[in-house]
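Okay, so here's the structure we're looking at.
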Amino acid sequence: MNIMLTDFWNVVNSSGGAEKVLCRMANELVDRGHEVTVVCSDPKSGNPFFIYRIK
């Protein structure tokens with residue numbers, strides 16, 4: 001199944017709970033065989049604090 005997760009808050013260098021849940025959910029869905037796309041609307045450029053695994 002193709003799944004898109006969105007985050008309308010900051011994720012670049014942000015280590016809050018919502019960002020951690022987003023990352024863990026995306027990783028778990030990928031582990032279960034789904035195609036996951038994460039879309040963020042952070043005005044800053046850079047990498048998220050938490051890592052999204054890519055298989």
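Residue numbers start at 1 in each chain; chains themselves are named A, B, ... in the order of the structure tokens; ligands are numbered from 1 in the order shown.
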
request  = Enumerate, as a PyMOL selection string, the complete set of residues in chain A that a backbone-based DSSP assignment places in alpha helix (DSSP H).
outcome  = chain A and resi 17-31

inquiry  = When you look at Arg24 of chain A with a cut-off of 12 Å (counting only C-alpha atoms), what residues show up, excluding the ones that are within fewer than 2 positions of it in the same chain? I need them as a ChimeraX atom specification.
reply    = /A:5,17-22,26-31,36,38,50-53

Please write the residues from the selection above to a file, keeping C-alpha atoms, as a PDB file, in the first residue's frame.
ATOM      1  CA  LEU A   5       2.459  11.032   6.026  1.00  0.00           C
ATOM      2  CA  GLY A  17       7.721  13.910  20.411  1.00  0.00           C
ATOM      3  CA  ALA A  18       5.621  14.428  17.290  1.00  0.00           C
ATOM      4  CA  GLU A  19       8.705  14.238  15.064  1.00  0.00           C
ATOM      5  CA  LYS A  20       9.829  11.047  16.793  1.00  0.00           C
ATOM      6  CA  VAL A  21       6.388   9.457  16.372  1.00  0.00           C
ATOM      7  CA  LEU A  22       6.319  10.432  12.685  1.00  0.00           C
ATOM      8  CA  ALA A  26       7.132   5.690   8.875  1.00  0.00           C
ATOM      9  CA  ASN A  27       9.834   3.145   9.689  1.00  0.00           C
ATOM     10  CA  GLU A  28       7.341   0.635  11.073  1.00  0.00           C
ATOM     11  CA  LEU A  29       5.125   0.933   7.996  1.00  0.00           C
ATOM     12  CA  VAL A  30       8.144   0.370   5.738  1.00  0.00           C
ATOM     13  CA  ASP A  31       9.123  -2.679   7.819  1.00  0.00           C
ATOM     14  CA  VAL A  36       5.859   5.483   2.572  1.00  0.00           C
ATOM     15  CA  VAL A  38       6.831  11.772   4.240  1.00  0.00           C
ATOM     16  CA  PHE A  50      15.360  11.574  13.527  1.00  0.00           C
ATOM     17  CA  ILE A  51      16.355   9.244  10.689  1.00  0.00           C
ATOM     18  CA  TYR A  52      13.987   7.765   8.148  1.00  0.00           C
ATOM     19  CA  ARG A  53      15.236   4.382   7.008  1.00  0.00           C
TER      20      ARG A  53
END

_From A:Val39, A:Asn47, A:Asn2, A:Arg32, residue lying nearest Ser15 of chain A [only C-alpha atoms]_ =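 Of A:Val39, A:Asn47, A:Asn2, A:Arg32, the one nearest Ser15 of chain A, counting only C-alpha atoms, is A:Asn47.
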
Need the shell around segment 41-44 of chain A: protein/DNA/RNA residues with any atom at most 7 Å away, counting only C-alpha atoms. Skip same-chain ones fewer than 6 positions apart. Format as an mmCIF file with N, CA and C atoms, in the first residue's frame?
data_model
loop_
_atom_site.group_PDB
_atom_site.id
_atom_site.type_symbol
_atom_site.label_atom_id
_atom_site.label_comp_id
_atom_site.auth_asym_id
_atom_site.auth_seq_id
_atom_site.Cartn_x
_atom_site.Cartn_y
_atom_site.Cartn_z
ATOM 1 N N ASP A 7 3.603 16.360 7.843
ATOM 2 C CA ASP A 7 3.913 17.082 9.076
ATOM 3 C C ASP A 7 3.885 18.562 8.737
ATOM 4 N N PHE A 8 2.980 19.302 9.361
ATOM 5 C CA PHE A 8 2.818 20.728 9.078
ATOM 6 C C PHE A 8 3.578 21.594 10.069
ATOM 7 N N TRP A 9 4.526 21.026 10.769
ATOM 8 C CA TRP A 9 5.310 21.749 11.750
ATOM 9 C C TRP A 9 6.782 21.546 11.420
ATOM 10 N N ASN A 10 7.662 22.103 12.214
ATOM 11 C CA ASN A 10 9.103 22.006 11.975
ATOM 12 C C ASN A 10 9.627 20.597 12.267
ATOM 13 N N VAL A 11 10.481 20.107 11.382
ATOM 14 C CA VAL A 11 11.135 18.817 11.606
ATOM 15 C C VAL A 11 12.651 18.920 11.490
ATOM 16 N N VAL A 12 13.148 19.975 10.857
ATOM 17 C CA VAL A 12 14.593 20.135 10.690
ATOM 18 C C VAL A 12 15.206 20.473 12.045
#
